[in-house]
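Structure file upload37.txt with compact mmCIF, C-alpha atoms and all ligand atoms:
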```
# COMPACT_ATOMS: atom_id res chain seq x y z
CA MET A 1 -14.02 27.88 -30.21
CA TYR A 2 -12.30 24.58 -29.61
CA LYS A 3 -12.85 21.75 -32.05
CA ILE A 4 -11.87 18.11 -31.46
CA ASP A 5 -12.30 15.19 -33.85
CA SER A 6 -10.24 12.36 -32.44
CA TYR A 7 -10.19 8.62 -33.16
CA SER A 8 -7.39 6.11 -32.59
CA PRO A 9 -7.82 2.34 -32.69
CA VAL A 10 -4.05 1.69 -32.24
CA ARG A 11 -2.87 -0.36 -29.28
CA VAL A 12 0.46 1.28 -28.41
CA ILE A 13 3.05 -0.83 -26.59
CA PHE A 14 5.78 1.64 -25.74
CA GLY A 15 8.96 1.47 -23.69
CA PRO A 16 12.44 -0.07 -23.50
CA GLY A 17 12.29 -3.88 -23.72
CA ARG A 18 8.63 -4.00 -24.78
CA LEU A 19 9.43 -6.07 -27.91
CA GLU A 20 9.23 -9.08 -25.58
CA ASP A 21 5.47 -8.43 -25.20
CA LEU A 22 5.11 -9.84 -28.72
CA ALA A 23 5.23 -13.32 -27.15
CA THR A 24 2.16 -12.75 -25.00
CA ILE A 25 -0.13 -10.06 -26.47
CA LYS A 26 -3.21 -10.99 -28.47
CA LEU A 27 -2.18 -10.71 -32.13
CA PRO A 28 -4.63 -10.00 -34.97
CA GLY A 29 -4.02 -13.25 -36.93
CA LYS A 30 -2.31 -16.62 -37.14
CA LYS A 31 0.34 -15.99 -39.81
CA ALA A 32 2.28 -12.74 -40.34
CA LEU A 33 3.98 -11.48 -43.46
CA ILE A 34 7.01 -9.69 -42.04
CA CYS A 35 7.93 -6.79 -44.37
CA VAL A 36 11.61 -5.75 -44.25
CA THR A 37 14.03 -3.92 -46.54
CA GLY A 38 16.18 -5.76 -49.06
CA ASP A 39 19.45 -4.69 -47.41
CA GLN A 40 18.87 -7.41 -44.79
CA ILE A 41 19.62 -4.96 -41.99
CA MET A 42 16.91 -6.41 -39.69
CA SER A 43 18.40 -9.87 -40.21
CA LYS A 44 22.00 -8.68 -39.64
CA LEU A 45 20.99 -6.95 -36.39
CA GLY A 46 19.27 -10.15 -35.21
CA ILE A 47 15.96 -8.31 -34.79
CA GLN A 48 14.16 -10.28 -37.52
CA GLN A 49 14.90 -13.67 -35.91
CA ARG A 50 13.95 -12.31 -32.46
CA VAL A 51 10.59 -11.27 -33.86
CA ILE A 52 10.04 -14.67 -35.53
CA ASP A 53 10.95 -16.46 -32.26
CA LEU A 54 8.62 -14.26 -30.19
CA LEU A 55 5.76 -14.85 -32.66
CA LYS A 56 6.41 -18.59 -32.44
CA LYS A 57 6.11 -18.45 -28.64
CA ASN A 58 2.73 -16.79 -29.26
CA ASN A 59 1.72 -19.65 -31.63
CA VAL A 60 1.87 -17.38 -34.66
CA GLU A 61 3.65 -18.37 -37.88
CA ALA A 62 5.61 -16.00 -40.10
CA ALA A 63 6.85 -15.58 -43.66
CA VAL A 64 9.34 -12.88 -44.66
CA PHE A 65 9.02 -10.42 -47.56
CA ASP A 66 12.38 -8.70 -47.97
CA GLY A 67 11.57 -6.60 -51.02
CA VAL A 68 10.77 -3.31 -49.28
CA VAL A 69 12.53 -0.38 -50.98
CA PRO A 70 13.28 3.11 -49.58
CA ASN A 71 10.56 5.54 -50.73
CA PRO A 72 8.37 2.46 -51.38
CA THR A 73 6.85 2.10 -54.84
CA ARG A 74 3.57 0.83 -56.18
CA ALA A 75 5.40 -2.18 -57.70
CA SER A 76 7.04 -3.17 -54.40
CA VAL A 77 3.68 -2.92 -52.61
CA MET A 78 2.13 -5.31 -55.17
CA GLU A 79 5.03 -7.74 -54.61
CA ALA A 80 4.28 -7.70 -50.88
CA THR A 81 0.58 -8.22 -51.60
CA ASN A 82 1.33 -11.26 -53.76
CA ALA A 83 3.76 -12.65 -51.15
CA ALA A 84 1.03 -12.46 -48.48
CA LYS A 85 -1.45 -14.27 -50.71
CA LYS A 86 1.09 -16.93 -51.74
CA ASN A 87 2.11 -17.63 -48.15
CA GLY A 88 -1.43 -17.64 -46.74
CA CYS A 89 -0.72 -14.75 -44.33
CA ASP A 90 -3.68 -13.15 -42.58
CA PHE A 91 -1.88 -10.09 -41.21
CA PHE A 92 1.11 -7.88 -42.02
CA LEU A 93 4.00 -6.98 -39.73
CA GLY A 94 6.03 -3.95 -40.80
CA LEU A 95 9.49 -4.23 -39.24
CA GLY A 96 12.02 -1.39 -39.59
CA GLY A 97 11.46 2.22 -40.60
CA GLY A 98 8.61 4.03 -42.30
CA SER A 99 9.22 2.27 -45.64
CA SER A 100 8.63 -1.19 -44.16
CA ILE A 101 5.57 -0.14 -42.17
CA ASP A 102 4.04 1.83 -45.06
CA THR A 103 4.60 -1.09 -47.44
CA ALA A 104 2.81 -3.34 -44.95
CA LYS A 105 -0.07 -0.85 -44.68
CA ALA A 106 -0.47 -0.42 -48.45
CA ALA A 107 -0.24 -4.17 -49.12
CA ALA A 108 -2.87 -4.71 -46.40
CA ILE A 109 -5.23 -2.60 -48.54
CA MET A 110 -4.50 -4.58 -51.69
CA THR A 111 -5.11 -8.02 -50.21
CA LYS A 112 -8.70 -6.95 -49.50
CA ASN A 113 -9.50 -4.65 -52.42
CA PRO A 114 -9.52 -5.22 -56.20
CA GLY A 115 -7.75 -3.26 -58.93
CA ASP A 116 -4.68 -1.08 -58.73
CA LEU A 117 -3.17 0.50 -55.62
CA TRP A 118 -3.44 3.96 -57.22
CA ASP A 119 -7.23 3.61 -57.40
CA TYR A 120 -7.17 4.16 -53.63
CA ALA A 121 -4.67 7.06 -53.35
CA THR A 122 -6.42 9.97 -51.67
CA PHE A 123 -4.55 12.84 -53.37
CA GLY A 124 -3.05 13.81 -56.75
CA THR A 125 -3.87 11.47 -59.63
CA GLY A 126 -5.15 8.84 -57.18
CA GLY A 127 -8.59 7.36 -57.83
CA LYS A 128 -9.78 8.26 -54.30
CA LYS A 129 -11.86 5.05 -54.16
CA VAL A 130 -13.08 4.24 -50.67
CA VAL A 131 -11.24 1.50 -48.80
CA THR A 132 -13.65 -0.32 -46.54
CA ASP A 133 -11.43 -3.17 -45.38
CA ALA A 134 -7.78 -4.15 -45.02
CA ASN A 135 -5.85 -6.97 -43.40
CA PRO A 136 -4.60 -6.05 -39.92
CA VAL A 137 -1.16 -4.47 -39.55
CA VAL A 138 1.29 -4.74 -36.67
CA SER A 139 4.12 -2.21 -36.70
CA ILE A 140 7.45 -2.70 -35.01
CA THR A 141 9.50 0.41 -35.58
CA THR A 142 13.27 0.64 -35.35
CA THR A 143 13.34 4.36 -36.15
CA ALA A 144 11.81 7.48 -34.60
CA GLY A 145 10.49 9.89 -37.19
CA THR A 146 7.55 9.14 -39.44
CA GLY A 147 4.77 8.67 -36.89
CA THR A 148 3.21 6.06 -39.19
CA GLU A 149 3.05 3.77 -36.13
CA CYS A 150 0.00 5.61 -34.78
CA ASP A 151 -1.58 7.22 -37.85
CA PRO A 152 -3.75 6.17 -40.81
CA TRP A 153 -1.27 7.35 -43.48
CA CYS A 154 1.00 5.43 -45.80
CA VAL A 155 3.22 7.15 -48.32
CA ILE A 156 3.88 5.40 -51.63
CA THR A 157 5.60 6.51 -54.86
CA ASN A 158 4.02 6.05 -58.27
CA GLU A 159 6.97 5.26 -60.56
CA GLU A 160 5.13 6.51 -63.66
CA THR A 161 3.82 9.89 -62.50
CA LYS A 162 6.71 10.41 -59.99
CA GLU A 163 4.15 11.29 -57.32
CA LYS A 164 4.93 10.33 -53.75
CA LEU A 165 1.49 10.37 -52.23
CA ASP A 166 -0.19 9.91 -48.88
CA PHE A 167 -2.97 7.38 -48.58
CA GLY A 168 -5.19 8.47 -45.70
CA VAL A 169 -7.07 5.26 -45.03
CA GLU A 170 -8.70 4.54 -41.69
CA ALA A 171 -8.55 0.78 -42.27
CA VAL A 172 -4.73 0.83 -42.11
CA TYR A 173 -4.31 2.23 -38.63
CA PRO A 174 -1.99 -0.40 -37.13
CA ALA A 175 -3.86 -2.77 -34.81
CA ILE A 176 -0.77 -2.87 -32.61
CA SER A 177 2.36 -0.69 -32.58
CA VAL A 178 5.35 -1.90 -30.64
CA ILE A 179 7.70 1.03 -29.98
CA ASP A 180 10.80 -0.23 -28.20
CA PRO A 181 13.59 2.40 -28.04
CA THR A 182 16.25 -0.30 -27.47
CA LEU A 183 15.72 -1.28 -31.14
CA MET A 184 16.80 2.23 -32.18
CA MET A 185 20.23 2.23 -30.51
CA SER A 186 22.11 1.09 -33.62
CA LEU A 187 20.77 3.87 -35.87
CA PRO A 188 23.64 5.97 -37.26
CA LYS A 189 23.99 9.64 -36.32
CA ASP A 190 22.84 11.13 -39.62
CA LEU A 191 19.69 9.01 -39.82
CA THR A 192 18.90 9.71 -36.16
CA ALA A 193 19.11 13.43 -36.93
CA PHE A 194 17.14 13.29 -40.20
CA GLN A 195 14.36 11.18 -38.70
CA GLY A 196 14.16 13.20 -35.47
CA LEU A 197 13.93 16.41 -37.49
CA ASP A 198 11.21 14.82 -39.66
CA ALA A 199 9.25 14.45 -36.41
CA LEU A 200 10.02 18.07 -35.46
CA PHE A 201 8.64 19.24 -38.81
CA HIS A 202 5.52 17.11 -38.32
CA ALA A 203 4.95 18.93 -35.03
CA VAL A 204 5.69 22.38 -36.49
CA GLU A 205 3.55 21.80 -39.59
CA ASN A 206 0.69 20.30 -37.57
CA TYR A 207 0.80 23.33 -35.25
CA ILE A 208 0.73 25.76 -38.20
CA CYS A 209 -1.96 23.82 -40.08
CA ASN A 210 -4.21 23.51 -37.00
CA LYS A 211 -4.78 27.30 -36.84
CA GLY A 212 -5.33 27.05 -33.08
CA GLU A 213 -8.50 24.98 -33.48
CA SER A 214 -7.74 21.69 -31.72
CA LYS A 215 -6.31 21.89 -28.22
CA LEU A 216 -5.07 18.30 -28.58
CA VAL A 217 -2.98 19.19 -31.64
CA GLU A 218 -1.46 22.12 -29.74
CA LEU A 219 -0.75 19.96 -26.71
CA TYR A 220 0.91 17.13 -28.66
CA ALA A 221 2.90 19.48 -30.92
CA LYS A 222 4.18 21.66 -28.09
CA GLU A 223 5.29 18.66 -26.03
CA ALA A 224 6.92 17.01 -29.07
CA ILE A 225 8.83 20.20 -30.01
CA GLN A 226 10.06 20.66 -26.43
CA LEU A 227 11.18 17.03 -26.11
CA LEU A 228 12.90 16.94 -29.51
CA THR A 229 14.72 20.23 -28.88
CA LYS A 230 16.09 18.85 -25.62
CA TRP A 231 16.72 15.18 -26.42
CA LEU A 232 17.43 14.86 -30.16
CA PRO A 233 20.95 16.39 -29.95
CA LEU A 234 21.72 13.98 -27.08
CA ALA A 235 20.47 10.96 -29.08
CA VAL A 236 22.57 12.08 -32.06
CA ALA A 237 25.68 12.61 -29.89
CA ASP A 238 25.37 9.21 -28.18
CA GLY A 239 23.14 6.63 -29.84
CA ASN A 240 23.33 4.44 -26.72
CA ASN A 241 21.74 7.10 -24.50
CA LEU A 242 18.54 5.19 -23.77
CA GLU A 243 16.87 8.09 -21.98
CA ALA A 244 17.40 10.29 -25.05
CA ARG A 245 16.27 7.55 -27.46
CA THR A 246 13.13 6.97 -25.34
CA ASN A 247 12.15 10.65 -25.24
CA VAL A 248 12.75 11.08 -28.99
CA ALA A 249 10.69 7.95 -29.73
CA TYR A 250 7.87 9.16 -27.48
CA ALA A 251 7.78 12.52 -29.30
CA ALA A 252 8.14 11.13 -32.82
CA CYS A 253 6.17 7.89 -32.73
CA VAL A 254 3.50 8.50 -30.08
CA LEU A 255 2.80 12.25 -29.82
CA GLU A 256 3.35 13.03 -33.47
CA GLY A 257 1.79 9.74 -34.60
CA PHE A 258 -1.43 10.66 -32.82
CA ASN A 259 -1.15 14.26 -34.01
CA GLN A 260 -0.94 13.33 -37.66
CA ALA A 261 -4.21 11.47 -37.28
CA LEU A 262 -5.76 14.77 -36.14
CA THR A 263 -4.52 17.29 -38.69
CA PHE A 264 -2.35 17.80 -41.77
CA VAL A 265 1.17 18.81 -42.65
CA THR A 266 2.02 21.81 -44.87
CA SER A 267 3.63 22.30 -48.27
CA HIS A 268 7.02 21.77 -46.61
CA HIS A 269 6.20 18.06 -46.52
CA ILE A 270 4.72 18.10 -50.02
CA ILE A 271 7.99 19.60 -51.32
CA GLY A 272 10.01 17.00 -49.41
CA GLN A 273 7.88 14.09 -50.58
CA CYS A 274 8.07 15.25 -54.17
CA LEU A 275 11.88 15.34 -53.98
CA GLY A 276 11.79 11.82 -52.51
CA GLY A 277 9.58 10.67 -55.41
CA LEU A 278 11.90 12.17 -58.05
CA PHE A 279 15.14 11.13 -56.36
CA PRO A 280 14.60 7.76 -54.62
CA LYS A 281 17.98 7.82 -52.81
CA PHE A 282 17.04 11.05 -50.99
CA PRO A 283 15.91 10.02 -47.46
CA HIS A 284 12.63 11.63 -46.39
CA GLY A 285 14.09 13.41 -43.36
CA ALA A 286 16.94 14.77 -45.48
CA THR A 287 14.52 16.21 -48.05
CA LEU A 288 12.96 18.24 -45.24
CA VAL A 289 16.20 19.26 -43.53
CA THR A 290 17.83 20.50 -46.75
CA THR A 291 14.82 22.66 -47.67
CA ALA A 292 13.87 23.81 -44.16
CA GLU A 293 15.84 27.02 -43.78
CA ALA A 294 14.75 28.49 -47.12
CA TYR A 295 11.14 27.29 -46.66
CA TYR A 296 10.63 28.76 -43.20
CA LYS A 297 12.39 32.02 -44.06
CA GLU A 298 9.93 32.32 -46.97
CA ILE A 299 6.77 31.77 -44.89
CA LYS A 300 7.83 33.67 -41.76
CA LYS A 301 6.06 36.81 -43.01
CA TYR A 302 2.70 35.00 -43.25
CA VAL A 303 2.56 33.59 -39.70
CA PRO A 304 5.04 35.56 -37.55
CA GLU A 305 3.07 35.22 -34.29
CA VAL A 306 2.80 31.43 -34.76
CA PHE A 307 6.55 31.29 -35.41
CA ASP A 308 7.22 33.15 -32.14
CA GLU A 309 5.08 30.59 -30.28
CA LEU A 310 7.10 27.79 -31.92
CA GLY A 311 10.31 29.63 -31.01
CA SER A 312 9.23 29.85 -27.37
CA PHE A 313 8.65 26.05 -27.33
CA MET A 314 12.26 25.73 -28.45
CA GLY A 315 13.43 27.99 -25.64
CA GLU A 316 14.15 30.99 -27.86
CA ASP A 317 13.47 34.63 -27.01
CA GLU A 318 11.57 36.84 -29.45
CA VAL A 319 13.80 39.09 -31.56
CA ALA A 320 12.97 42.80 -31.25
CA GLY A 321 11.76 44.21 -34.57
CA ASP A 322 11.81 40.81 -36.29
CA PRO A 323 8.57 38.94 -35.57
CA GLY A 324 8.81 35.19 -36.11
CA GLN A 325 12.60 35.05 -36.19
CA SER A 326 12.78 33.18 -32.85
CA TYR A 327 11.59 29.95 -34.51
CA ILE A 328 14.13 30.29 -37.33
CA ASN A 329 16.85 30.79 -34.69
CA GLY A 330 15.71 27.70 -32.76
CA LEU A 331 15.54 25.59 -35.92
CA VAL A 332 18.97 26.64 -37.18
CA LYS A 333 20.48 25.96 -33.75
CA LEU A 334 18.90 22.49 -33.56
CA MET A 335 20.00 21.50 -37.08
CA ASP A 336 23.49 22.80 -36.26
CA THR A 337 23.72 20.88 -32.99
CA CYS A 338 22.55 17.72 -34.76
CA GLY A 339 25.30 18.26 -37.40
CA VAL A 340 23.02 18.35 -40.46
CA ARG A 341 22.50 22.04 -41.22
CA ASP A 342 25.12 22.05 -43.98
CA VAL A 343 24.17 18.77 -45.62
CA GLY A 344 23.70 19.34 -49.36
CA MET A 345 21.13 17.82 -51.70
CA SER A 346 23.80 17.02 -54.29
CA LYS A 347 25.03 14.26 -51.95
CA PHE A 348 21.76 12.41 -52.63
CA GLY A 349 21.86 12.62 -56.43
CA VAL A 350 19.54 15.61 -56.79
CA ASP A 351 19.64 17.23 -60.24
CA PRO A 352 18.59 20.91 -60.00
CA ALA A 353 17.55 20.85 -63.66
CA LYS A 354 14.52 18.87 -62.47
CA PHE A 355 13.31 21.57 -60.07
CA PRO A 356 10.76 23.07 -62.54
CA GLU A 357 9.29 19.55 -63.01
CA ALA A 358 9.20 19.17 -59.21
CA VAL A 359 7.32 22.47 -58.84
CA ASP A 360 4.71 21.36 -61.41
CA ILE A 361 4.15 18.09 -59.53
CA ILE A 362 3.93 19.90 -56.17
CA VAL A 363 1.44 22.55 -57.28
CA ASP A 364 -0.49 21.05 -60.22
CA ILE A 365 -0.66 17.34 -59.38
CA VAL A 366 -0.34 16.86 -55.62
CA GLY A 367 -1.58 20.32 -54.61
CA ILE A 368 -0.80 22.55 -51.64
CA ASP A 369 -4.31 23.62 -50.71
CA MET A 370 -3.78 22.65 -47.07
CA ASP A 371 -1.58 25.72 -46.51
CA ARG A 372 -2.96 28.75 -44.66
CA TYR A 373 -0.81 30.95 -46.93
CA GLU A 374 -0.38 30.95 -50.69
CA LEU A 375 2.96 30.04 -52.20
CA SER A 376 3.33 30.58 -55.94
CA LYS A 377 5.28 28.32 -58.28
CA GLN A 378 7.99 30.98 -58.36
CA ASP A 379 8.17 30.95 -54.53
CA ILE A 380 8.63 27.17 -54.46
CA LEU A 381 11.20 27.23 -57.24
CA ARG A 382 13.12 29.90 -55.30
CA ILE A 383 12.98 27.77 -52.13
CA LEU A 384 14.41 24.79 -54.03
CA GLU A 385 17.12 26.82 -55.77
CA THR A 386 18.14 28.57 -52.54
CA SER A 387 18.30 25.20 -50.79
CA TYR A 388 20.48 23.49 -53.39
CA ARG A 389 24.15 22.91 -52.65
FE FE A 401 7.50 13.14 -42.53
```
If you took the structure in this file and wrote it as structure tokens, what would it be?
Amino acid sequence: MYKIDSYSPVRVIFGPGRLEDLATIKLPGKKALICVTGDQIMSKLGIQQRVIDLLKKNNVEAAVFDGVVPNPTRASVMEATNAAKKNGCDFFLGLGGGSSIDTAKAAAIMTKNPGDLWDYATFGTGGKKVVTDANPVVSITTTAGTGTECDPWCVITNEETKEKLDFGVEAVYPAISVIDPTLMMSLPKDLTAFQGLDALFHAVENYICNKGESKLVELYAKEAIQLLTKWLPLAVADGNNLEARTNVAYAACVLEGFNQALTFVTSHHIIGQCLGGLFPKFPHGATLVTTAEAYYKEIKKYVPEVFDELGSFMGEDEVAGDPGQSYINGLVKLMDTCGVRDVGMSKFGVDPAKFPEAVDIIVDIVGIDMDRYELSKQDILRILETSYR
């Protein structure tokens, strides 16, 4: 029968122009550490100064930490932690994409807990120590993909073990998430596509992982898949299409943010995260896109009826004599329309000689026990080798 286990303490402020609410809403502290990437993109776009000015109107001070790195590392999180302590900040503000928000979340753990960040990682070689407290986090996203805005996860890479692990820590649910699609208009086409497809895979993987148990998961995933199928190609084609940006942001940040607090992803994400850990220049969405076709062709035989449901959400008809193929057809069409189906891993510095090492990390260290099917090491190696170009 139905099973629901739902909890969300996130105040979501969603809609075009809602960044301005930062001047008037009740914030969770008096001084923010604004976490941004070192490429200064938030500063160049004028968003960083807007945020500082709005905080000032709200009588809140700010300091800036601009050492966030893509695929954030344990070392960069500790730098953010030290910056917060040095500047006397009592809350974190992640500004930008998933890397900035996840750095803010992980640093918020370390300002309130002793020891090493890895003591608190909830998978792999992590110490799985319980986190009882964290400084509050405000997220202001300028991308639509990760869903970290509304979930309790942060994903950090351990430079030594090469693991890129999820921390599932209730204390780091953002207190407030501002999701303003006008901040996403300047995102380039390829990143719009990669991040939007990341959100699609969250929905697909959540739907598969849920095994039909939670009606909420089904509801959120179905709506997200339908919206992304319709609106993502339009957002990629014209980044200034605010209606498209708004629908993609709603699917990626709100629906799939809430959904990831309810259930898990599958080994598709574990494979993608492992590639991101081994090859730091490989954007998360691209790790998923480049492995998607081979991965889903491999698992179609295990869950064909689920695939045909997913295909129907994407507007595809079932294929006579080929159960499950409708989802593959919908996926291929969407990646094609978004112009990323033929993107190769080699473009991101991937060395195929490291695939056996990747497989060992995926299966032996991180683990793929969340799957409802069993992939062997040989299966995963084949998926990686088939995907490489
Ligand atoms: Fe993801």
What's around segment 264-267 of chain A at 9 Å? Count all atoms listed in the file, leave out sequence neighbours fewer than 5 positions away in its own chain, and write the answer as a PyMOL selection string.
chain A and resi 201-210+259+272+362+367-372+375
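Near ligand FE 401 (chain A), at a distance of at most 7 Å and with all atoms listed in the file counted, sit the residues A:Gly145, A:Thr146, A:Asp198, A:Ala199, A:His202, A:His269, A:His284, A:Gly285.
Closest approach to Arg245 of chain A among A:Thr291, A:Asp342, A:Lys129, A:Ala144: A:Ala144, based on all atoms listed in the file.
Residue nearest Gly277 of chain A, chosen from A:Val306, A:Ala121, A:Val366, A:Ala63 and counting all atoms listed in the file: A:Val366.
Checking A:Tyr173, A:Tyr250, A:Phe194, A:Tyr7 one by one against Phe92 of chain A, counting all atoms listed in the file, you find the shortest gap at A:Tyr173.
Atom CA of Ala104 of chain A lies 8.4 Å from atom CA of Leu33 of chain A.
In this structure, atom CA of Glu223 of chain A sits 18.9 Å away from atom CA of Tyr2 of chain A.
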Show me, as a list in words, the residues that have an atom within 10 Å of Leu227 of chain A when counting all atoms listed in the file, minus same-chain residues fewer than 3 positions from it.
Leu200, Ala221, Lys222, Glu223, Ala224, Lys230, Trp231, Leu232, Ala244, Asn247, Val248, Ala249, Tyr250, Ala251, Ala252, Phe313 and Met314 of chain A
Using only C-alpha atoms, can you tell me which of A:Thr337, A:Thr182, A:Gln273, A:Gln378 comes closest to Leu288 of chain A?
A:Gln273
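When the distance limit is 10 Å and all atoms listed in the file are what count, the residues near Asp190 of chain A, minus those fewer than 6 positions from it on the same chain, are Gly196, Val236, Gly285, Ala286, Cys338, Gly339, Val340 and Val343 of chain A.
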Smallest atom-to-atom distance to Lys30 of chain A: which of A:Ile299, A:Ala83, A:Cys89, A:Met42, using all atoms listed in the file?
A:Cys89
Could you pull the residues within 12 Å of Asp360 of chain A, counting all atoms listed in the file, minus those fewer than 2 positions along the same chain, as a ChimeraX atom specification?
/A:124,161-163,270-271,274-275,354-358,362-368,376-378,380-381
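Using all atoms listed in the file, the shortest contact distance between Thr263 of chain A and any of A:Met345, A:Ala353, A:Ile4, A:Ile179 is found at A:Ile4.
Relative to atom CA of Ser139 of chain A, atom CA of Ile101 of chain A is found at 6.0 Å.
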Ser312 of chain A: which residues within 12 Å, counting all atoms listed in the file, same-chain residues fewer than 2 positions away excluded, as a list of chain:residue names?
A:Lys222, A:Glu223, A:Ile225, A:Gln226, A:Thr229, A:Glu305, A:Val306, A:Phe307, A:Asp308, A:Glu309, A:Leu310, A:Met314, A:Gly315, A:Glu316, A:Asp317, A:Glu318, A:Val319, A:Gly324, A:Gln325, A:Ser326, A:Tyr327, A:Ile328, A:Asn329, A:Gly330, A:Leu331
Once 3 Å is added on each side, what centre and edge lengths in Å to one decimal does the axis-aligned box around all listed atoms of segment 286-302 of chain A have, as JSON?
```
{"center_x": 10.3, "center_y": 25.8, "center_z": -44.9, "size_x": 21.1, "size_y": 28.0, "size_z": 12.3}
```
List every residue of segment 76-155 of chain A that has an atom at most 12 Å from any atom of segment 10-28 of chain A, giving for each one its closest atom pair and the distance in Å to one decimal, counting only C-alpha atoms, sorted by chain and then by ascending residue number, as JSON lines.
```
{"residue": "A:Cys89", "atom": "CA", "partner": "A:Pro28", "partner_atom": "CA", "distance": 11.2}
{"residue": "A:Asp90", "atom": "CA", "partner": "A:Pro28", "partner_atom": "CA", "distance": 8.3}
{"residue": "A:Phe91", "atom": "CA", "partner": "A:Pro28", "partner_atom": "CA", "distance": 6.8}
{"residue": "A:Phe92", "atom": "CA", "partner": "A:Pro28", "partner_atom": "CA", "distance": 9.3}
{"residue": "A:Leu93", "atom": "CA", "partner": "A:Pro28", "partner_atom": "CA", "distance": 10.3}
{"residue": "A:Leu95", "atom": "CA", "partner": "A:Leu19", "partner_atom": "CA", "distance": 11.5}
{"residue": "A:Asn135", "atom": "CA", "partner": "A:Pro28", "partner_atom": "CA", "distance": 9.0}
{"residue": "A:Pro136", "atom": "CA", "partner": "A:Pro28", "partner_atom": "CA", "distance": 6.3}
{"residue": "A:Val137", "atom": "CA", "partner": "A:Pro28", "partner_atom": "CA", "distance": 8.0}
{"residue": "A:Val138", "atom": "CA", "partner": "A:Pro28", "partner_atom": "CA", "distance": 8.1}
{"residue": "A:Ser139", "atom": "CA", "partner": "A:Val12", "partner_atom": "CA", "distance": 9.7}
{"residue": "A:Ile140", "atom": "CA", "partner": "A:Leu19", "partner_atom": "CA", "distance": 8.1}
{"residue": "A:Thr141", "atom": "CA", "partner": "A:Leu19", "partner_atom": "CA", "distance": 10.0}
{"residue": "A:Thr142", "atom": "CA", "partner": "A:Leu19", "partner_atom": "CA", "distance": 10.7}
{"residue": "A:Thr148", "atom": "CA", "partner": "A:Val10", "partner_atom": "CA", "distance": 11.0}
{"residue": "A:Glu149", "atom": "CA", "partner": "A:Val10", "partner_atom": "CA", "distance": 8.4}
{"residue": "A:Cys150", "atom": "CA", "partner": "A:Val10", "partner_atom": "CA", "distance": 6.2}
{"residue": "A:Asp151", "atom": "CA", "partner": "A:Val10", "partner_atom": "CA", "distance": 8.3}
{"residue": "A:Pro152", "atom": "CA", "partner": "A:Val10", "partner_atom": "CA", "distance": 9.7}
```
With C-alpha atoms retained, export the selected residues as a PDB file, in the coordinates of the input.
```
ATOM      1  CA  CYS A  89      -0.720 -14.750 -44.330  1.00  0.00           C
ATOM      2  CA  ASP A  90      -3.680 -13.150 -42.580  1.00  0.00           C
ATOM      3  CA  PHE A  91      -1.880 -10.090 -41.210  1.00  0.00           C
ATOM      4  CA  PHE A  92       1.110  -7.880 -42.020  1.00  0.00           C
ATOM      5  CA  LEU A  93       4.000  -6.980 -39.730  1.00  0.00           C
ATOM      6  CA  LEU A  95       9.490  -4.230 -39.240  1.00  0.00           C
ATOM      7  CA  ASN A 135      -5.850  -6.970 -43.400  1.00  0.00           C
ATOM      8  CA  PRO A 136      -4.600  -6.050 -39.920  1.00  0.00           C
ATOM      9  CA  VAL A 137      -1.160  -4.470 -39.550  1.00  0.00           C
ATOM     10  CA  VAL A 138       1.290  -4.740 -36.670  1.00  0.00           C
ATOM     11  CA  SER A 139       4.120  -2.210 -36.700  1.00  0.00           C
ATOM     12  CA  ILE A 140       7.450  -2.700 -35.010  1.00  0.00           C
ATOM     13  CA  THR A 141       9.500   0.410 -35.580  1.00  0.00           C
ATOM     14  CA  THR A 142      13.270   0.640 -35.350  1.00  0.00           C
ATOM     15  CA  THR A 148       3.210   6.060 -39.190  1.00  0.00           C
ATOM     16  CA  GLU A 149       3.050   3.770 -36.130  1.00  0.00           C
ATOM     17  CA  CYS A 150       0.000   5.610 -34.780  1.00  0.00           C
ATOM     18  CA  ASP A 151      -1.580   7.220 -37.850  1.00  0.00           C
ATOM     19  CA  PRO A 152      -3.750   6.170 -40.810  1.00  0.00           C
TER      20      PRO A 152
END
```
